[in-house]
Amino acid sequence: MDWTRFLDPTAFAIVGGGTALGVLLRARRADIVGAFAALRTLARAPFDAAPLLARIAAQGRIARGHGVMTLDRSVIDDPDVAAAIHAIVDGADAGTVARLLGDRNAARAARHLRAIEPWTAAADLAPAMGMVGTLVGLASAFATMTDAAAVGGAMAVALVATLYGALFANLVASPIAARLRTAARTEHAERTRLAPPLVALAHRETPRRDGSHLSGARAA
């Protein structure tokens with residue numbers, strides 16, 4: 001089979017250009033940039049909270065043995081855990097730490113959703129743009145009925161445009177959106193596992209710090 005017969009620049013321009021324009025009209029530029037940046041995450045393994053849970057447990061042992069202030073020197077790569085540890089060192093109570101982690105997880109989920117939406121929009125628009133290409137090709141064919149060569153070219157645009165729209169929607173945009181959505185849900189669920197040990201650490205250290213403060217006041 002000669003696959004070059006399925007290459008049609010006019011059909012590609014209608015489907016590709018129309019889909020791109022539709023996405024630009026639907027989404028903000030920053031979200032579109034984020035959608036392409038999110039493609040890098042497709043090659044990564046799903047987010048796993050287990051290493052961070054082990055790190056939090058180690059931080060708890062350090063705080064128990066040497067005091068919570070020693071955690072201020074810890075270098076933690078994960079931004080959520082680092083923010084929670086710094087808040088605990090600064091004297092945040094359990095409720096504050098829980099809200100901090102909840103807000104950061106919710107903000108991350110919102111960013112992920114904004115990165116997914118352009119791909120979802122492209123999956124919706126591509127078949128429609130394929131139908132637009134089909135209608136353009138048919139209109140051109142009917143307008144040139146007296147020229148057999150022109151009719152053949154117009155019908156090629158009509159059929160190939162539908163093919164392009166279906167392939168892009170079902171083999172590119174929709175799978176990317178689905179994989180990004182799965183990765184986002186996995187990370188959100190895994191990150192909820194980080195909150196209980198960090199909240200427990202804050203709950204344990206706050207009374208100890210308050211008790212030390214009261215003991216110092218009585219001694220004075």
# chains A, B, ... in the order shown; residues from 1 in each chain; ligands from 1
$ residues_around --residues "Arg99 (chain A)" --least-positions-apart "6" --cutoff "10 Å" --atoms "only C-alpha atoms" --output "number ranges by chain"
A: 84, 105, 195, 199
$ residues_around --residues "Thr120 (chain A)" --least-positions-apart "6" --cutoff "7 Å" --atoms "only C-alpha atoms" --output "PDB file with N, CA and C atoms, in the first residue's frame"
ATOM      1  N   ALA A 173      -4.241  12.935  21.488  1.00  0.00           N
ATOM      2  CA  ALA A 173      -4.738  13.841  22.523  1.00  0.00           C
ATOM      3  C   ALA A 173      -5.460  13.115  23.652  1.00  0.00           C
ATOM      4  N   SER A 174      -6.377  12.232  23.305  1.00  0.00           N
ATOM      5  CA  SER A 174      -7.143  11.539  24.345  1.00  0.00           C
ATOM      6  C   SER A 174      -6.268  10.631  25.212  1.00  0.00           C
ATOM      7  N   ALA A 177      -4.274  12.873  27.613  1.00  0.00           N
ATOM      8  CA  ALA A 177      -5.133  13.396  28.681  1.00  0.00           C
ATOM      9  C   ALA A 177      -5.440  12.314  29.710  1.00  0.00           C
TER      10      ALA A 177
END
$ closest_residue --among "A:Ala161, A:Leu21, A:Ala30, A:Ile14" --to "Ala122 (chain A)" --atoms "only C-alpha atoms"
A:Leu21
$ residues_around --residues "Ala156 (chain A)" --least-positions-apart "6" --cutoff "10 Å" --atoms "only C-alpha atoms" --output "PyMOL selection string"
chain A and resi 5-8+10-11+134+137-138+141+150
$ closest_residue --among "A:Ala37, A:Val160, A:Ala200, A:Ala121" --to "Val15 (chain A)" --atoms "only C-alpha atoms"
A:Val160
$ residues_around --residues "Leu201 (chain A)" --least-positions-apart "4" --cutoff "8 Å" --atoms "only C-alpha atoms" --output "ChimeraX atom specification"
/A:60,88,94,197,205
$ closest_residue --among "A:Ala92, A:Glu190, A:Pro196, A:Val23" --to "Pro46 (chain A)" --atoms "only C-alpha atoms"
A:Glu190
$ closest_residue --among "A:Arg193, A:His203, A:Val157, A:Arg108" --to "Asp48 (chain A)" --atoms "only C-alpha atoms"
A:Arg193
$ closest_residue --among "A:Val151, A:Ala115, A:Ala126, A:Met69" --to "Gly34 (chain A)" --atoms "only C-alpha atoms"
A:Ala115
$ atom_distance --atom1 "CA of Pro9 (chain A)" --atom2 "CA of Leu42 (chain A)"
29.6 Å
$ closest_residue --among "A:Asp80, A:Ala57, A:Asp124, A:Gly165" --to "Arg104 (chain A)" --atoms "only C-alpha atoms"
A:Asp80
$ atom_distance --atom1 "CA of Phe36 (chain A)" --atom2 "CA of Val81 (chain A)"
26.7 Å
$ residues_around --residues "Ser74 (chain A)" --least-positions-apart "4" --cutoff "9 Å" --atoms "only C-alpha atoms" --output "ChimeraX atom specification"
/A:59,70,82,85
$ write_last_selection --atoms "N, CA and C atoms" --output "compact mmCIF listing (two decimals), in the first residue's frame"
# COMPACT_ATOMS: atom_id res chain seq x y z
N GLN A 59 12.81 11.88 60.34
CA GLN A 59 12.77 13.23 60.92
C GLN A 59 12.14 13.20 62.32
N THR A 70 16.51 20.91 65.46
CA THR A 70 17.54 20.32 64.62
C THR A 70 17.03 20.02 63.21
N ALA A 82 8.97 19.57 52.92
CA ALA A 82 9.87 20.61 53.41
C ALA A 82 9.09 21.75 54.04
N ILE A 85 7.73 20.57 57.45
CA ILE A 85 8.79 20.49 58.46
C ILE A 85 9.20 21.88 58.94
